[in-house]
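Student: Would you mind keeping the following structure in view while I ask a few things?
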Amino acid sequence: MNEIIKFLKTRRSTTAKTMKVGHIEESDLNDILACGIRVPDHGALNPWFLTVIKDDARSRIGKEILVPEYIQNNPEATEEEIDFEKNRFLRASAVIAVLFKPVSDSKIPSWEMALSTGAVCSNILIAAQSLGYAAQWLTEWYSYNDRMIKEVDGKPGTDKLAGFIYIGNKVKEPVERRRPKTEKVINILTE
Ligand SMILES: Cc1cc2nc3c(=O)[nH]c(=O)nc-3n(C[C@H](O)[C@H](O)[C@H](O)COP(=O)(O)O)c2cc1C
């Protein structure tokens, strides 16, 4: 079987919870990003923007944004929860934020721009996994937080976070999850 098909038929996400922090080769990160922005994009509008959160930025954002925003939304937050927010991005070696930035004054529907943004996330995920890294696409609560949107150069109310792709190292191979039955989700019309 073709290697790419074999990979696509078996790849799996590793949860941020179970990945470990390690080193991402600079050339790997560049390849992952290059694959991420090479996606179908009606009208070549580039209606997306990527931010790589790595090194000290992971803890800075935890302290400056996640903790205060979490406390504001959860006044009863426990020490344990606050600690988790502080270290949230430290679960990965790098986290790539993918922002949907719809282009106004375009004949291309915004829905199609959103689909292209999803393709960016998928490509980043697949590229990282193909290089052997642990990777997961997450939105969690902070994708819907205005301060977080501003942090990645977005305009709240217009731009949206399509997600954060966590990239780290695998501790062990992830087990398979439930997958759809082909006949339930695919119909083939022949006439
Ligand atoms: C847009 C989007 C957002 C997601 N957000 C979350 C999330 O916040 N929390 C979570 O546990 N899984 C989330 N997931 C699911 C996982 O990232 C992933 O799809 C699942 O673990 C299985 O992925 P796999 O088919 O690559 O193995 C999200 C998936 C997508 C497409």
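A note on labels: chains of the structure tokens are A, B, ... as shown, every chain counts residues from 1, and ligands are counted from 1 in their shown order.
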Name each residue within 8 Å of ligand 1, counting only C-alpha atoms and all ligand atoms, as a short mmCIF file (atom, residue, chain, number, x, y, z; two decimals) with N, CA and C atoms, in the first residue's frame.
Tutor:
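See pocket.cif below for the written result:
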data_model
loop_
_atom_site.label_atom_id
_atom_site.label_comp_id
_atom_site.auth_asym_id
_atom_site.auth_seq_id
_atom_site.Cartn_x
_atom_site.Cartn_y
_atom_site.Cartn_z
N ARG A 11 -3.14 6.86 11.34
CA ARG A 11 -2.64 7.90 12.27
C ARG A 11 -3.65 8.16 13.37
N ARG A 12 -3.14 8.62 14.48
CA ARG A 12 -3.97 8.88 15.65
C ARG A 12 -3.44 10.08 16.39
N SER A 13 -4.33 10.80 17.03
CA SER A 13 -3.90 11.89 17.89
C SER A 13 -3.48 11.34 19.24
N THR A 14 -2.51 12.00 19.84
CA THR A 14 -2.10 11.69 21.21
C THR A 14 -2.59 12.86 22.05
N THR A 15 -3.33 12.59 23.09
CA THR A 15 -3.90 13.71 23.87
C THR A 15 -2.78 14.54 24.52
N GLY A 118 -9.89 25.19 8.71
CA GLY A 118 -9.90 23.84 9.27
C GLY A 118 -8.85 22.97 8.57
N LEU A 125 -1.67 19.07 11.97
CA LEU A 125 -1.80 17.86 12.78
C LEU A 125 -1.18 16.66 12.07
N GLN A 136 -2.20 16.95 19.00
CA GLN A 136 -3.66 16.99 19.19
C GLN A 136 -4.20 18.38 18.89
N TRP A 137 -5.36 18.40 18.28
CA TRP A 137 -6.09 19.64 17.94
C TRP A 137 -7.10 19.89 19.06
N LEU A 138 -6.91 21.01 19.76
CA LEU A 138 -7.81 21.35 20.86
C LEU A 138 -8.37 22.76 20.71
N THR A 139 -9.60 22.92 21.17
CA THR A 139 -10.12 24.29 21.27
C THR A 139 -10.21 24.69 22.75
N GLU A 140 -10.74 23.82 23.58
CA GLU A 140 -10.91 24.07 25.00
C GLU A 140 -11.58 25.44 25.23
N TRP A 141 -11.54 25.98 26.43
CA TRP A 141 -12.30 27.21 26.71
C TRP A 141 -11.66 28.48 26.15
N ALA A 162 -9.60 28.67 15.43
CA ALA A 162 -10.01 27.36 14.92
C ALA A 162 -9.45 26.27 15.82
N GLY A 163 -8.43 26.62 16.56
CA GLY A 163 -7.89 25.66 17.50
C GLY A 163 -6.41 25.84 17.76
N GLU A 176 -6.40 2.90 19.56
CA GLU A 176 -7.39 3.31 18.57
C GLU A 176 -8.66 3.80 19.27
N ARG A 177 -9.34 4.76 18.65
CA ARG A 177 -10.62 5.21 19.18
C ARG A 177 -11.73 4.72 18.27
#
Student: Show me, as a list of chain:residue names, the residues that have an atom within 6 Å of Gly168 in chain A when counting only C-alpha atoms, minus same-chain residues fewer than 3 positions from it.
Tutor: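 Contacts, in chain order: A:Met19, A:Lys20, A:Val21, A:Ala92, A:Ser93, A:Tyr133, A:Ala134.
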Student: Would you kindly return, as an NGL selection string, each protein, DNA or RNA residue with an atom no farther than 12 Å from any atom of Ile96 in chain A, considering only C-alpha atoms and excluding same-chain residues fewer than 2 positions away?
Tutor: :A and (29-30 or 32-33 or 36 or 49-54 or 57-58 or 89 or 92-94 or 98-99 or 120-125 or 128 or 135-139 or 152 or 161-168)
Student: Once you have the residues from the selection above, write them out as a PDB file, in the first residue's frame, restricted to C-alpha atoms.
Tutor:
ATOM      1  CA  LEU A  29       8.682  22.816  12.852  1.00  0.00           C
ATOM      2  CA  ASN A  30       9.347  24.675   9.616  1.00  0.00           C
ATOM      3  CA  ILE A  32       4.974  21.412   9.763  1.00  0.00           C
ATOM      4  CA  LEU A  33       4.229  25.119   9.269  1.00  0.00           C
ATOM      5  CA  GLY A  36      -0.028  23.959   7.370  1.00  0.00           C
ATOM      6  CA  PHE A  49      -3.039  33.342  10.663  1.00  0.00           C
ATOM      7  CA  LEU A  50      -0.717  31.094  12.657  1.00  0.00           C
ATOM      8  CA  THR A  51       1.061  31.795  15.945  1.00  0.00           C
ATOM      9  CA  VAL A  52       3.674  29.411  17.307  1.00  0.00           C
ATOM     10  CA  ILE A  53       3.705  29.405  21.098  1.00  0.00           C
ATOM     11  CA  LYS A  54       6.925  27.880  22.384  1.00  0.00           C
ATOM     12  CA  ALA A  57       5.736  32.093  25.728  1.00  0.00           C
ATOM     13  CA  ARG A  58       3.973  28.944  26.971  1.00  0.00           C
ATOM     14  CA  PHE A  89       0.604  25.216  27.377  1.00  0.00           C
ATOM     15  CA  ALA A  92       3.461  20.486  24.815  1.00  0.00           C
ATOM     16  CA  SER A  93       6.834  21.379  23.337  1.00  0.00           C
ATOM     17  CA  ALA A  94       5.055  23.860  21.085  1.00  0.00           C
ATOM     18  CA  VAL A  98      -4.679  28.776  14.140  1.00  0.00           C
ATOM     19  CA  LEU A  99      -6.791  31.884  13.754  1.00  0.00           C
ATOM     20  CA  VAL A 120      -4.743  24.389   7.971  1.00  0.00           C
ATOM     21  CA  CYS A 121      -5.346  22.706  11.345  1.00  0.00           C
ATOM     22  CA  SER A 122      -5.638  19.260   9.754  1.00  0.00           C
ATOM     23  CA  ASN A 123      -2.471  19.694   7.742  1.00  0.00           C
ATOM     24  CA  ILE A 124      -0.479  20.812  10.787  1.00  0.00           C
ATOM     25  CA  LEU A 125      -1.802  17.855  12.783  1.00  0.00           C
ATOM     26  CA  ALA A 128       3.388  16.655  12.927  1.00  0.00           C
ATOM     27  CA  ALA A 135      -0.111  15.966  18.347  1.00  0.00           C
ATOM     28  CA  GLN A 136      -3.661  16.989  19.192  1.00  0.00           C
ATOM     29  CA  TRP A 137      -6.094  19.642  17.943  1.00  0.00           C
ATOM     30  CA  LEU A 138      -7.811  21.350  20.864  1.00  0.00           C
ATOM     31  CA  THR A 139     -10.124  24.292  21.269  1.00  0.00           C
ATOM     32  CA  VAL A 152      -2.625  35.855  18.535  1.00  0.00           C
ATOM     33  CA  LEU A 161      -9.673  30.569  16.939  1.00  0.00           C
ATOM     34  CA  ALA A 162     -10.015  27.360  14.919  1.00  0.00           C
ATOM     35  CA  GLY A 163      -7.886  25.655  17.497  1.00  0.00           C
ATOM     36  CA  PHE A 164      -4.517  25.008  19.049  1.00  0.00           C
ATOM     37  CA  ILE A 165      -2.384  22.166  17.766  1.00  0.00           C
ATOM     38  CA  TYR A 166      -0.355  20.764  20.641  1.00  0.00           C
ATOM     39  CA  ILE A 167       2.879  19.091  19.571  1.00  0.00           C
ATOM     40  CA  GLY A 168       5.102  17.019  21.842  1.00  0.00           C
TER      41      GLY A 168
END
Student: Looking at only C-alpha atoms, which of A:Pro47, A:Cys35, A:Thr190, A:Lys6 is the one that sits closest to Trp111 in chain A?
Tutor: A:Pro47
Student: Within range 51-119 of chain A, find each residue whose DSSP state, derived from the backbone, is helix (DSSP H, G or I), and express the selection as a PyMOL selection string.
Tutor: chain A and resi 56-73+79-86+88-91+110-119
Student: Please identify which residues in range 4-52 of chain A DSSP calls strand (DSSP E) from the backbone, and express them as a PDB file with C-alpha atoms, in the first residue's frame.
Tutor:
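Result saved to selection08.pdb:
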ATOM      1  CA  TRP A  48      -5.994  32.437   8.480  1.00  0.00           C
ATOM      2  CA  PHE A  49      -3.039  33.342  10.663  1.00  0.00           C
ATOM      3  CA  LEU A  50      -0.717  31.094  12.657  1.00  0.00           C
ATOM      4  CA  THR A  51       1.061  31.795  15.945  1.00  0.00           C
ATOM      5  CA  VAL A  52       3.674  29.411  17.307  1.00  0.00           C
TER       6      VAL A  52
END
